[in-house]
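A.B. asks: Structure file start.pdb, PDB, C-alpha atoms and all ligand atoms, is pasted below:
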```
ATOM      1  CA  MET H 146     -25.431   9.618  -9.277
ATOM      2  CA  SER H 147     -25.340   6.019  -7.933
ATOM      3  CA  ALA H 148     -27.172   5.178  -4.730
ATOM      4  CA  LEU H 149     -25.288   3.825  -1.721
ATOM      5  CA  HIS H 150     -26.618   0.504  -0.438
ATOM      6  CA  LEU H 151     -26.062  -0.102   3.251
ATOM      7  CA  ASP H 152     -26.548  -3.542   4.770
ATOM      8  CA  GLY H 153     -27.395  -3.246   8.431
ATOM      9  CA  PRO H 154     -26.698  -0.950  11.375
ATOM     10  CA  ALA H 155     -22.908  -1.416  11.383
ATOM     11  CA  ALA H 156     -22.654  -0.222   7.779
ATOM     12  CA  GLU H 157     -25.005   2.669   8.534
ATOM     13  CA  ARG H 158     -22.854   3.675  11.485
ATOM     14  CA  LEU H 159     -19.749   3.565   9.329
ATOM     15  CA  ALA H 160     -21.370   5.678   6.598
ATOM     16  CA  ARG H 161     -22.426   8.262   9.171
ATOM     17  CA  ASP H 162     -19.556   8.337  11.690
ATOM     18  CA  LEU H 163     -16.634   7.596   9.414
ATOM     19  CA  LEU H 164     -17.527   8.448   5.835
ATOM     20  CA  GLY H 165     -19.590  11.400   7.031
ATOM     21  CA  TRP H 166     -22.278  10.933   4.419
ATOM     22  CA  GLN H 167     -25.066  13.480   4.479
ATOM     23  CA  GLN H 168     -23.023  15.689   6.804
ATOM     24  CA  PRO H 169     -21.548  19.093   5.961
ATOM     25  CA  ARG H 170     -17.798  19.143   5.452
ATOM     26  CA  PRO H 171     -15.658  21.621   7.437
ATOM     27  CA  GLU H 172     -14.082  24.552   5.654
ATOM     28  CA  ALA H 173     -10.427  24.003   4.808
ATOM     29  CA  PRO H 174      -8.483  26.881   6.438
ATOM     30  CA  THR H 175      -6.993  29.040   3.701
ATOM     31  CA  GLY H 176      -3.240  28.763   3.387
ATOM     32  CA  LEU H 177      -2.924  26.025   6.007
ATOM     33  CA  ALA H 178      -0.910  23.628   3.856
ATOM     34  CA  ALA H 179       1.513  26.381   2.822
ATOM     35  CA  GLU H 180       1.899  27.464   6.425
ATOM     36  CA  LEU H 181       2.672  23.922   7.592
ATOM     37  CA  ARG H 182       5.208  23.512   4.812
ATOM     38  CA  ASP H 183       6.823  26.851   5.740
ATOM     39  CA  ARG H 184       7.184  25.678   9.330
ATOM     40  CA  LEU H 185       8.866  22.495   8.164
ATOM     41  CA  GLU H 186      11.223  24.393   5.865
ATOM     42  CA  ALA H 187      12.083  26.866   8.632
ATOM     43  CA  GLY H 188      12.728  24.001  11.068
ATOM     44  CA  CYS H 189      15.040  22.318   8.555
ATOM     45  CA  ALA H 190      16.889  25.575   7.873
ATOM     46  CA  ALA H 191      17.455  26.028  11.619
ATOM     47  CA  LEU H 192      19.373  22.743  11.723
ATOM     48  CA  GLY H 193      22.172  24.320   9.668
ATOM     49  CA  GLU H 194      25.103  22.178   8.593
ATOM     50  CA  GLY H 195      23.961  19.335  10.825
ATOM     51  CA  LEU H 196      21.251  18.629   8.287
ATOM     52  CA  ASP H 197      23.860  18.338   5.522
ATOM     53  CA  ARG H 198      25.721  15.741   7.557
ATOM     54  CA  ALA H 199      22.548  13.810   8.329
ATOM     55  CA  ALA H 200      21.507  13.897   4.673
ATOM     56  CA  GLN H 201      24.921  12.692   3.524
ATOM     57  CA  ALA H 202      24.647   9.775   5.946
ATOM     58  CA  GLY H 203      21.117   8.927   4.768
ATOM     59  CA  ARG H 204      19.861   6.758   1.927
ATOM     60  CA  GLY H 205      20.214   8.532  -1.412
ATOM     61  CA  GLY H 206      21.674  11.622   0.246
ATOM     62  CA  ALA H 207      18.556  12.443   2.282
ATOM     63  CA  VAL H 208      17.052  12.107   5.737
ATOM     64  CA  TRP H 209      13.964   9.887   5.378
ATOM     65  CA  VAL H 210      11.050  10.503   7.706
ATOM     66  CA  THR H 211       8.584   7.618   7.765
ATOM     67  CA  LYS H 212       6.136   6.143  10.248
ATOM     68  CA  THR H 213       8.883   3.741  11.331
ATOM     69  CA  SER H 214      11.526   6.414  11.864
ATOM     70  CA  LEU H 215       9.033   8.538  13.810
ATOM     71  CA  ALA H 216       8.100   5.624  16.076
ATOM     72  CA  ARG H 217      11.786   5.310  16.974
ATOM     73  CA  LEU H 218      11.872   8.872  18.236
ATOM     74  CA  ALA H 219      11.296   7.278  21.638
ATOM     75  CA  CYS H 220      15.017   6.484  21.960
ATOM     76  CA  ASP H 221      18.100   7.368  19.925
ATOM     77  CA  GLY H 222      19.627   3.967  20.694
ATOM     78  CA  TRP H 223      16.636   2.249  19.153
ATOM     79  CA  GLN H 224      16.869   4.450  16.070
ATOM     80  CA  ARG H 225      20.520   3.545  15.728
ATOM     81  CA  ASP H 226      20.203  -0.192  16.388
ATOM     82  CA  PRO H 227      16.702  -1.408  15.617
ATOM     83  CA  ARG H 228      15.956  -5.120  15.612
ATOM     84  CA  PRO H 229      15.499  -6.118  11.976
ATOM     85  CA  TYR H 230      11.963  -6.702  10.775
ATOM     86  CA  GLU H 231      10.916 -10.332  10.915
ATOM     87  CA  HIS H 232       7.975 -12.050   9.326
ATOM     88  CA  THR H 233       5.880 -13.444  12.146
ATOM     89  CA  ARG H 234       2.548 -15.156  11.791
ATOM     90  CA  ALA H 235       0.760 -12.071  13.136
ATOM     91  CA  ASN H 236       2.336  -9.597  10.756
ATOM     92  CA  VAL H 237       2.045 -11.939   7.755
ATOM     93  CA  ARG H 238      -1.661 -12.188   8.543
ATOM     94  CA  GLY H 239      -1.850  -8.383   8.542
ATOM     95  CA  VAL H 240       0.054  -8.017   5.273
ATOM     96  CA  LEU H 241      -2.173 -10.581   3.559
ATOM     97  CA  ALA H 242      -5.339  -8.989   4.929
ATOM     98  CA  HIS H 243      -4.309  -5.571   3.606
ATOM     99  CA  ALA H 244      -3.452  -7.036   0.224
ATOM    100  CA  ALA H 245      -6.771  -8.918   0.126
ATOM    101  CA  VAL H 246      -8.808  -5.805   0.952
ATOM    102  CA  GLU H 247      -6.942  -3.852  -1.709
ATOM    103  CA  ARG H 248      -7.352  -6.491  -4.397
ATOM    104  CA  ASP H 249     -11.002  -7.050  -3.522
ATOM    105  CA  TRP H 250     -11.705  -3.323  -3.706
ATOM    106  CA  ARG H 251     -10.020  -2.984  -7.097
ATOM    107  CA  ASP H 252     -11.802  -6.071  -8.466
ATOM    108  CA  GLY H 253     -15.211  -4.819  -7.347
ATOM    109  CA  ARG H 254     -15.858  -7.713  -4.951
ATOM    110  CA  ARG H 255     -16.525 -10.125  -7.777
ATOM    111  CA  ALA H 256     -14.855 -13.220  -6.258
ATOM    112  CA  SER H 257     -15.494 -15.004  -2.966
ATOM    113  CA  ALA H 258     -13.344 -13.905  -0.024
ATOM    114  CA  SER H 259     -11.460 -17.225   0.002
ATOM    115  CA  ARG H 260     -10.751 -16.937  -3.733
ATOM    116  CA  VAL H 261      -9.385 -13.409  -3.262
ATOM    117  CA  VAL H 262      -7.115 -14.625  -0.464
ATOM    118  CA  GLU H 263      -5.854 -17.530  -2.605
ATOM    119  CA  GLN H 264      -4.965 -15.088  -5.375
ATOM    120  CA  VAL H 265      -3.165 -12.801  -2.973
ATOM    121  CA  TRP H 266      -1.275 -15.737  -1.460
ATOM    122  CA  VAL H 267      -0.056 -16.926  -4.875
ATOM    123  CA  GLU H 268       0.929 -13.397  -5.842
ATOM    124  CA  GLU H 269       2.966 -12.877  -2.678
ATOM    125  CA  ALA H 270       4.468 -16.384  -2.705
ATOM    126  CA  THR H 271       5.825 -15.929  -6.221
ATOM    127  CA  ARG H 272       7.113 -12.392  -5.834
ATOM    128  CA  ARG H 273      10.624 -13.108  -4.470
ATOM    129  CA  PRO H 274      10.848 -16.832  -3.691
ATOM    130  CA  GLY H 275      14.657 -16.860  -3.991
ATOM    131  CA  ASP H 276      15.166 -14.317  -1.206
ATOM    132  CA  PRO H 277      15.460 -16.144   2.144
ATOM    133  CA  ALA H 278      14.298 -13.026   4.062
ATOM    134  CA  SER H 279      11.232 -12.464   1.888
ATOM    135  CA  LEU H 280       7.552 -12.892   2.593
ATOM    136  CA  SER H 281       7.484 -15.252  -0.402
ATOM    137  CA  ARG H 282       9.904 -17.587   1.324
ATOM    138  CA  TRP H 283       7.913 -17.437   4.583
ATOM    139  CA  LEU H 284       4.729 -18.376   2.737
ATOM    140  CA  ASN H 285       6.414 -21.160   0.773
ATOM    141  CA  ASP H 286       7.896 -22.615   3.961
ATOM    142  CA  CYS H 287       4.514 -22.616   5.714
ATOM    143  CA  GLY H 288       3.125 -26.150   6.119
ATOM    144  CA  ASP H 289      -0.075 -27.026   4.208
ATOM    145  CA  GLU H 290      -2.199 -27.198   7.320
ATOM    146  CA  ASP H 291      -0.922 -23.910   8.771
ATOM    147  CA  ALA H 292      -1.311 -22.221   5.408
ATOM    148  CA  GLU H 293      -4.909 -23.377   5.189
ATOM    149  CA  VAL H 294      -5.701 -22.036   8.676
ATOM    150  CA  LEU H 295      -3.986 -18.725   7.946
ATOM    151  CA  ARG H 296      -5.811 -18.272   4.627
ATOM    152  CA  GLY H 297      -9.075 -19.019   6.451
ATOM    153  CA  GLU H 298      -8.349 -16.309   9.031
ATOM    154  CA  VAL H 299      -7.522 -13.750   6.349
ATOM    155  CA  ALA H 300     -10.689 -14.640   4.434
ATOM    156  CA  GLU H 301     -12.667 -14.058   7.653
ATOM    157  CA  LEU H 302     -11.087 -10.628   8.011
ATOM    158  CA  LEU H 303     -12.005  -9.783   4.445
ATOM    159  CA  GLU H 304     -15.582 -10.962   5.040
ATOM    160  CA  ALA H 305     -15.741  -8.796   8.159
ATOM    161  CA  PHE H 306     -14.541  -5.796   6.166
ATOM    162  CA  ARG H 307     -17.048  -6.402   3.362
ATOM    163  CA  GLU H 308     -19.891  -6.772   5.825
ATOM    164  CA  VAL H 309     -19.422  -3.289   7.254
ATOM    165  CA  TRP H 310     -17.909  -1.287   4.391
ATOM    166  CA  PRO H 311     -20.351  -0.495   1.645
ATOM    167  CA  ALA H 312     -19.141  -0.817  -1.931
ATOM    168  CA  LEU H 313     -18.616   2.878  -2.633
ATOM    169  CA  PRO H 314     -19.891   4.160  -5.988
ATOM    170  CA  ALA H 315     -16.968   5.375  -8.092
ATOM    171  CA  ASP H 316     -18.878   8.451  -9.257
ATOM    172  CA  ARG H 317     -19.262   9.642  -5.660
ATOM    173  CA  VAL H 318     -15.939   8.695  -4.149
ATOM    174  CA  VAL H 319     -12.486   8.179  -5.635
ATOM    175  CA  ALA H 320     -10.533   5.626  -3.623
ATOM    176  CA  HIS H 321      -6.739   5.532  -3.528
ATOM    177  CA  LEU H 322      -5.425   2.344  -1.978
ATOM    178  CA  GLU H 323      -1.875   1.983  -0.723
ATOM    179  CA  ARG H 324      -0.718   4.903  -2.854
ATOM    180  CA  PRO H 325       2.640   6.213  -1.580
ATOM    181  CA  VAL H 326       2.982   9.892  -0.738
ATOM    182  CA  THR H 327       6.530  11.246  -1.073
ATOM    183  CA  LEU H 328       7.438  14.868  -0.356
ATOM    184  CA  ARG H 329      10.798  16.603  -0.444
ATOM    185  CA  LEU H 330      11.931  19.421   1.828
ATOM    186  CA  ALA H 331      15.083  21.458   2.316
ATOM    187  CA  GLY H 332      16.119  21.195  -1.316
ATOM    188  CA  GLY H 333      15.726  17.406  -1.318
ATOM    189  CA  ARG H 334      17.811  16.813   1.826
ATOM    190  CA  VAL H 335      14.698  15.587   3.657
ATOM    191  CA  VAL H 336      12.129  13.148   2.288
ATOM    192  CA  LEU H 337       8.797  12.538   3.995
ATOM    193  CA  ARG H 338       7.196   9.320   2.877
ATOM    194  CA  GLY H 339       4.161   7.300   3.866
ATOM    195  CA  VAL H 340       1.690   4.865   2.365
ATOM    196  CA  PRO H 341      -1.833   5.449   3.699
ATOM    197  CA  ASP H 342      -3.980   2.353   3.340
ATOM    198  CA  LEU H 343      -6.966   4.196   1.989
ATOM    199  CA  VAL H 344      -7.628   7.779   0.929
ATOM    200  CA  LEU H 345     -11.166   8.628  -0.151
ATOM    201  CA  ASP H 346     -11.800  11.784  -2.145
ATOM    202  CA  SER H 347     -15.253  13.206  -2.788
ATOM    203  CA  PRO H 348     -15.688  15.550  -5.758
ATOM    204  CA  ARG H 349     -14.713  19.136  -4.876
ATOM    205  CA  ARG H 350     -17.463  21.651  -5.295
ATOM    206  CA  ASP H 351     -16.223  24.379  -2.968
ATOM    207  CA  ASP H 352     -13.437  25.179  -0.510
ATOM    208  CA  ARG H 353     -14.441  22.546   1.996
ATOM    209  CA  ALA H 354     -12.232  19.643   3.081
ATOM    210  CA  ARG H 355     -13.466  16.518   1.331
ATOM    211  CA  THR H 356     -10.798  13.882   1.861
ATOM    212  CA  LEU H 357     -10.880  11.030   4.345
ATOM    213  CA  VAL H 358      -7.704   9.150   5.337
ATOM    214  CA  VAL H 359      -8.106   5.636   6.738
ATOM    215  CA  ASP H 360      -5.544   3.303   8.245
ATOM    216  CA  LEU H 361      -6.660  -0.331   8.471
ATOM    217  CA  LYS H 362      -5.519  -2.409  11.424
ATOM    218  CA  THR H 363      -5.826  -6.148  11.802
ATOM    219  CA  GLY H 364      -3.722  -6.759  14.930
ATOM    220  CA  LEU H 365      -3.991  -5.711  18.548
ATOM    221  CA  PRO H 366      -4.796  -2.013  18.989
ATOM    222  CA  ARG H 367      -1.816   0.217  19.930
ATOM    223  CA  PRO H 368      -3.613   3.503  20.570
ATOM    224  CA  GLU H 369      -0.661   5.916  20.750
ATOM    225  CA  PRO H 370       1.482   4.607  17.880
ATOM    226  CA  ASP H 371      -1.589   4.047  15.696
ATOM    227  CA  ARG H 372      -2.732   7.628  16.245
ATOM    228  CA  ALA H 373       0.728   9.079  15.594
ATOM    229  CA  GLU H 374       1.019   7.108  12.364
ATOM    230  CA  LEU H 375      -2.344   8.253  11.147
ATOM    231  CA  ARG H 376      -1.662  11.908  11.929
ATOM    232  CA  PHE H 377       1.541  11.675   9.918
ATOM    233  CA  TYR H 378      -0.491  10.426   6.945
ATOM    234  CA  ALA H 379      -2.986  13.249   7.431
ATOM    235  CA  LEU H 380      -0.120  15.748   7.314
ATOM    236  CA  LEU H 381       1.342  14.159   4.180
ATOM    237  CA  VAL H 382      -2.007  14.309   2.412
ATOM    238  CA  THR H 383      -2.431  17.952   3.481
ATOM    239  CA  LEU H 384       0.965  18.935   2.114
ATOM    240  CA  ARG H 385       0.484  16.976  -1.103
ATOM    241  CA  ASP H 386      -3.049  18.148  -1.881
ATOM    242  CA  GLY H 387      -2.726  21.698  -0.603
ATOM    243  CA  ARG H 388      -5.732  21.212   1.658
ATOM    244  CA  PRO H 389      -6.341  19.033   4.720
ATOM    245  CA  PRO H 390      -8.559  15.970   5.020
ATOM    246  CA  PHE H 391     -11.845  16.525   6.860
ATOM    247  CA  ARG H 392     -11.167  13.462   8.994
ATOM    248  CA  TRP H 393      -8.606  10.722   9.575
ATOM    249  CA  ALA H 394      -9.397   7.384  11.162
ATOM    250  CA  THR H 395      -8.030   4.048  12.250
ATOM    251  CA  TYR H 396     -10.364   1.227  11.361
ATOM    252  CA  HIS H 397      -9.892  -2.013  13.328
ATOM    253  CA  VAL H 398     -11.032  -4.714  10.929
ATOM    254  CA  PRO H 399     -11.517  -7.636  13.361
ATOM    255  CA  GLU H 400     -13.818  -5.640  15.664
ATOM    256  CA  GLY H 401     -15.336  -3.388  13.019
ATOM    257  CA  ARG H 402     -14.381  -0.478  15.267
ATOM    258  CA  MET H 403     -13.132   2.951  14.262
ATOM    259  CA  GLU H 404     -11.244   5.729  16.011
ATOM    260  CA  ALA H 405     -11.587   8.967  14.126
ATOM    261  CA  GLU H 406     -10.263  12.503  14.535
ATOM    262  CA  ASP H 407     -11.869  15.417  12.767
ATOM    263  CA  LEU H 408      -9.792  18.143  11.190
ATOM    264  CA  ARG H 409      -8.056  20.298  13.782
ATOM    265  CA  VAL H 410      -5.286  22.674  12.849
ATOM    266  CA  VAL H 411      -3.505  22.170  16.164
ATOM    267  CA  THR H 412      -3.225  18.423  15.539
ATOM    268  CA  LEU H 413      -1.492  19.019  12.216
ATOM    269  CA  GLU H 414       0.773  21.623  13.814
ATOM    270  CA  ARG H 415       1.799  19.136  16.504
ATOM    271  CA  THR H 416       2.519  16.592  13.804
ATOM    272  CA  VAL H 417       4.787  19.104  12.070
ATOM    273  CA  ALA H 418       6.640  19.474  15.381
ATOM    274  CA  ARG H 419       6.969  15.695  15.606
ATOM    275  CA  VAL H 420       8.358  15.475  12.082
ATOM    276  CA  LEU H 421      10.885  18.183  12.963
ATOM    277  CA  ASP H 422      11.827  16.181  16.077
ATOM    278  CA  GLY H 423      12.425  13.212  13.767
ATOM    279  CA  ILE H 424      14.684  15.260  11.508
ATOM    280  CA  GLY H 425      16.442  16.650  14.594
ATOM    281  CA  GLN H 426      17.049  13.119  15.816
ATOM    282  CA  ALA H 427      18.663  12.200  12.483
ATOM    283  CA  VAL H 428      20.965  15.215  12.848
ATOM    284  CA  ARG H 429      21.815  14.207  16.442
ATOM    285  CA  LEU H 430      22.736  10.696  15.335
ATOM    286  CA  ALA H 431      24.819  11.945  12.414
ATOM    287  CA  THR H 432      26.723  14.402  14.590
ATOM    288  CA  HIS H 433      27.265  12.020  17.557
ATOM    289  CA  PRO H 434      28.674   8.857  15.999
ATOM    290  CA  ASP H 435      30.086   7.659  19.334
ATOM    291  CA  ASP H 436      26.793   7.773  21.279
ATOM    292  CA  THR H 437      27.711  10.750  23.477
ATOM    293  CA  GLY H 438      24.876  13.249  23.694
ATOM    294  CA  LEU H 439      22.216  10.778  22.584
ATOM    295  CA  LEU H 440      18.817  10.624  24.273
ATOM    296  CA  ILE H 441      18.413   7.119  25.645
ATOM    297  CA  ARG H 442      15.020   6.277  27.120
ATOM    298  CA  GLY H 443      13.755   2.864  28.067
ATOM    299  CA  GLY H 444      10.206   1.658  27.661
ATOM    300  CA  ALA H 445       8.011  -0.948  26.031
ATOM    301  CA  TRP H 446       9.841  -0.333  22.746
ATOM    302  CA  CYS H 447      13.100  -1.810  24.087
ATOM    303  CA  ARG H 448      12.023  -5.242  22.894
ATOM    304  CA  SER H 449      12.430  -3.933  19.343
ATOM    305  CA  CYS H 450      15.990  -2.730  19.980
ATOM    306  CA  LEU H 451      19.148  -4.784  19.466
ATOM    307  CA  ARG H 452      20.768  -3.191  22.532
ATOM    308  CA  GLU H 453      18.129  -4.497  24.910
ATOM    309  CA  PRO H 454      20.087  -7.404  26.512
ATOM    310  CA  ASP H 455      22.887  -5.127  27.790
ATOM    311  CA  CYS H 456      21.176  -1.779  28.129
ATOM    312  CA  PRO H 457      20.901  -0.311  31.683
ATOM    313  CA  GLU H 458      18.047   2.001  30.626
ATOM    314  CA  ALA H 459      16.088  -0.996  29.375
ATOM    315  CA  ALA H 460      16.656  -2.812  32.673
ATOM    316  CA  ALA H 461      15.556   0.278  34.629
ATOM    317  CA  ALA H 462      12.425   0.614  32.503
ATOM    318  CA  ARG H 463      11.619  -3.048  33.053
ATOM    319  CA  ALA H 464      12.078  -2.641  36.824
ATOM    320  CA  ARG H 465       9.795   0.423  36.851
ATOM    321  CA  TYR H 466       7.176  -1.502  34.927
ATOM    322  CA  GLU H 467       7.363  -4.497  37.282
ATOM    323  CA  ALA H 468       7.193  -2.225  40.347
ATOM    324  CA  GLY H 469       4.092  -0.587  38.889
ATOM    325  CA  MET H 470       2.508  -3.977  38.346
ATOM    326  CA  HIS H 471       3.342  -4.790  41.962
ATOM    327  CA  ASP H 472       1.754  -1.566  43.232
ATOM    328  CA  ARG H 473      -1.441  -2.430  41.438
ATOM    329  CA  GLY H 474      -1.398  -5.824  43.146
ATOM    330  CA  THR H 475      -1.029  -7.787  39.914
TER     331      THR H 475
HETATM  332  S1  LIG R 501      17.326  -1.004  24.843
HETATM  333 FE1  LIG R 501      15.754   0.553  25.101
HETATM  334  S2  LIG R 501      16.699   2.189  26.272
HETATM  335 FE2  LIG R 501      18.318   0.878  25.497
HETATM  336  S3  LIG R 501      18.957   1.840  23.631
HETATM  337 FE3  LIG R 501      17.447   0.328  23.074
HETATM  338  S4  LIG R 501      15.475   1.356  23.090
HETATM  339 FE4  LIG R 501      16.935   2.683  24.124
END
```
For this file, produce the structure as structure tokens.
Ligand code: SF4
C.D. replies:
Amino acid sequence: MSALHLDGPAAERLARDLLGWQQPRPEAPTGLAAELRDRLEAGCAALGEGLDRAAQAGRGGAVWVTKTSLARLACDGWQRDPRPYEHTRANVRGVLAHAAVERDWRDGRRASASRVVEQVWVEEATRRPGDPASLSRWLNDCGDEDAEVLRGEVAELLEAFREVWPALPADRVVAHLERPVTLRLAGGRVVLRGVPDLVLDSPRRDDRARTLVVDLKTGLPRPEPDRAELRFYALLVTLRDGRPPFRWATYHVPEGRMEAEDLRVVTLERTVARVLDGIGQAVRLATHPDDTGLLIRGGAWCRSCLREPDCPEAAAARARYEAGMHDRGT
């Protein structure tokens, strides 16, 4: 079996605290995945005909539950009228950094970080150049100087990742990068889908949990949404594999910092409840086309909602926030 070479204390910390090398794995509770799936199926069945209506209104005749739809559980108005996704410098940087890490991992770190980023840039810039809303167009419209600075920043992120993450020997760990997980419930009327950045599987020798799920972040930390997203991925992997991961973690690339949760049944059960809330929200929206009976709640998320300029709940949330700032003397 290949040896693992660790360069420095940060890499050693990562191998110990995140990868869990040399540490015993927890036992995977027998029947847990089946039990979680049963709860989801029972929750869907309880929605009755409302689920049919929601599925008919959904893409491809199904309710889709994703990290994005779950984030919008905060307010039905936001779910109904989200602001369309826009390519901003910050999120383009994140997309390129993810793509660079993925390519670098697959290529075995053979090229320099800046070369990897150049390759990724060309790949993305030529993918859909004719589509005015595409990342390709954004990259092609970027001035030479800005493009150079942005590529430099992404190369720095890749260097930072390489510095801390050891190159993992393929005979000890199987890495799945950006591999979508799609699961169907309720006879196909509900689809759960997510794309974990990185899933690491160690060879199975017994009934212990041996999978690690990692979400890579390159922007500002958002503790609650990041955690919710990651738990959703952990649930998807549990349902797909028939056994839970031993750990799931957010890894903040710029700071080389990780936030990890070890396997806890209650966390996965709460995530099932959250998924059912998401499906329930889809039913509510499908059965209340005129907005009556919707749950409207203002908060920081209002900036991502198209209704924000005229929404009284958004104004009230803003006022509460400003009053709170005032109370703290800021
Ligand atoms: S502006 Fe805020 S409170 Fe109003 S509908 Fe949108 S998310 Fe909900």
A.B. asks: Show which residues sit within 12 Å of Arg415 of chain H, as a PyMOL selection string. Count all atoms listed in the file, and ignore same-chain residues fewer than 4 positions away.
C.D. replies: chain H and resi 181+184-185+373+376-377+379-380+409-411+419-422
A.B. asks: Under the rule of at most 10 Å, produce a per-residue listing of chain H near ligand LIG 501 (chain R): chain, number, name, the closest pair of atoms, and the distance in Å, as JSON lines, using all atoms listed in the file.
C.D. replies:
```
{"residue": "H:Arg217", "atom": "CA", "partner": "R:LIG501", "partner_atom": "S4", "distance": 8.2}
{"residue": "H:Leu218", "atom": "CA", "partner": "R:LIG501", "partner_atom": "S4", "distance": 9.6}
{"residue": "H:Ala219", "atom": "CA", "partner": "R:LIG501", "partner_atom": "S4", "distance": 7.4}
{"residue": "H:Cys220", "atom": "CA", "partner": "R:LIG501", "partner_atom": "FE4", "distance": 4.8}
{"residue": "H:Asp221", "atom": "CA", "partner": "R:LIG501", "partner_atom": "FE4", "distance": 6.4}
{"residue": "H:Gly222", "atom": "CA", "partner": "R:LIG501", "partner_atom": "S3", "distance": 3.7}
{"residue": "H:Trp223", "atom": "CA", "partner": "R:LIG501", "partner_atom": "S4", "distance": 4.2}
{"residue": "H:Gln224", "atom": "CA", "partner": "R:LIG501", "partner_atom": "S4", "distance": 7.8}
{"residue": "H:Arg225", "atom": "CA", "partner": "R:LIG501", "partner_atom": "S3", "distance": 8.2}
{"residue": "H:Asp226", "atom": "CA", "partner": "R:LIG501", "partner_atom": "FE3", "distance": 7.3}
{"residue": "H:Pro227", "atom": "CA", "partner": "R:LIG501", "partner_atom": "FE3", "distance": 7.7}
{"residue": "H:Arg228", "atom": "CA", "partner": "R:LIG501", "partner_atom": "FE3", "distance": 9.4}
{"residue": "H:Leu439", "atom": "CA", "partner": "R:LIG501", "partner_atom": "S3", "distance": 9.6}
{"residue": "H:Leu440", "atom": "CA", "partner": "R:LIG501", "partner_atom": "FE4", "distance": 8.2}
{"residue": "H:Ile441", "atom": "CA", "partner": "R:LIG501", "partner_atom": "FE4", "distance": 4.9}
{"residue": "H:Arg442", "atom": "CA", "partner": "R:LIG501", "partner_atom": "S2", "distance": 4.5}
{"residue": "H:Gly443", "atom": "CA", "partner": "R:LIG501", "partner_atom": "S2", "distance": 3.5}
{"residue": "H:Gly444", "atom": "CA", "partner": "R:LIG501", "partner_atom": "FE1", "distance": 6.2}
{"residue": "H:Ala445", "atom": "CA", "partner": "R:LIG501", "partner_atom": "FE1", "distance": 7.9}
{"residue": "H:Trp446", "atom": "CA", "partner": "R:LIG501", "partner_atom": "S4", "distance": 5.9}
{"residue": "H:Cys447", "atom": "CA", "partner": "R:LIG501", "partner_atom": "FE1", "distance": 3.7}
{"residue": "H:Arg448", "atom": "CA", "partner": "R:LIG501", "partner_atom": "S1", "distance": 7.1}
{"residue": "H:Ser449", "atom": "CA", "partner": "R:LIG501", "partner_atom": "S4", "distance": 7.2}
{"residue": "H:Cys450", "atom": "CA", "partner": "R:LIG501", "partner_atom": "FE3", "distance": 4.6}
{"residue": "H:Leu451", "atom": "CA", "partner": "R:LIG501", "partner_atom": "FE3", "distance": 6.5}
{"residue": "H:Arg452", "atom": "CA", "partner": "R:LIG501", "partner_atom": "S1", "distance": 4.7}
{"residue": "H:Glu453", "atom": "CA", "partner": "R:LIG501", "partner_atom": "S1", "distance": 3.6}
{"residue": "H:Pro454", "atom": "CA", "partner": "R:LIG501", "partner_atom": "S1", "distance": 7.2}
{"residue": "H:Asp455", "atom": "CA", "partner": "R:LIG501", "partner_atom": "S1", "distance": 7.5}
{"residue": "H:Cys456", "atom": "CA", "partner": "R:LIG501", "partner_atom": "FE2", "distance": 4.7}
{"residue": "H:Pro457", "atom": "CA", "partner": "R:LIG501", "partner_atom": "FE2", "distance": 6.8}
{"residue": "H:Glu458", "atom": "CA", "partner": "R:LIG501", "partner_atom": "S2", "distance": 4.6}
{"residue": "H:Ala459", "atom": "CA", "partner": "R:LIG501", "partner_atom": "S2", "distance": 4.5}
{"residue": "H:Ala460", "atom": "CA", "partner": "R:LIG501", "partner_atom": "S1", "distance": 8.1}
{"residue": "H:Ala461", "atom": "CA", "partner": "R:LIG501", "partner_atom": "S2", "distance": 8.6}
{"residue": "H:Ala462", "atom": "CA", "partner": "R:LIG501", "partner_atom": "S2", "distance": 7.7}
{"residue": "H:Arg463", "atom": "CA", "partner": "R:LIG501", "partner_atom": "FE1", "distance": 9.7}
```
A.B. asks: Write out as a PyMOL selection string each polymer residue whose atoms come within 10 Å of Val309 of chain H, counting all atoms listed in the file; drop sequence neighbours fewer than 6 positions from it.
C.D. replies: chain H and resi 151-160+398+401-402
A.B. asks: Just say which residues the PyMOL selection byres (((chain H and resi 197) around 10) and not hetatm) picks in this file, as a PyMOL selection string.
C.D. replies: chain H and resi 192-196+198-203+206-208+331+334-335+428+431
A.B. asks: Determine the residue membership of the PyMOL selection byres (((chain H and resi 257) around 12) and not hetatm) for the file above and supply it as number ranges by chain.
C.D. replies: H: 245, 248-249, 252-256, 258-264, 300-301, 303-304, 307
A.B. asks: Once the PyMOL selection byres (((chain H and resi 238) around 12) and not hetatm) has been evaluated on this model, what residues remain selected, and can you format them as an MDAnalysis selection string?
C.D. replies: chainID H and resid 232:237 239:245 262 265:266 280 283:284 291:292 294:303 362:364 399
A.B. asks: Hey, which of H:Met403, H:Ala190, H:Leu322, H:Leu413 ends up closest to Asp346 of chain H? Count all atoms listed in the file.
C.D. replies: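 Looking only at the distances to Asp346 of chain H, the closest residue turns out to be H:Leu322.
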A.B. asks: Give me, as CSV, each residue of segment 253-339 of chain H that comes within 12 Å of segment 354-359 of chain H, together with its shortest interatomic pair and the distance in Å at one decimal, counting all atoms listed in the file, with rows ordered by chain and rising residue number.
C.D. replies:
```
residue,atom,partner,partner_atom,distance
H:Arg317,CA,H:Arg355,CA,11.4
H:Val318,CA,H:Thr356,CA,9.5
H:Val319,CA,H:Thr356,CA,9.6
H:Ala320,CA,H:Leu357,CA,9.6
H:His321,CA,H:Val358,CA,9.6
H:Leu322,CA,H:Val359,CA,9.7
H:Glu323,CA,H:Val359,CA,10.4
H:Arg324,CA,H:Val358,CA,11.6
```
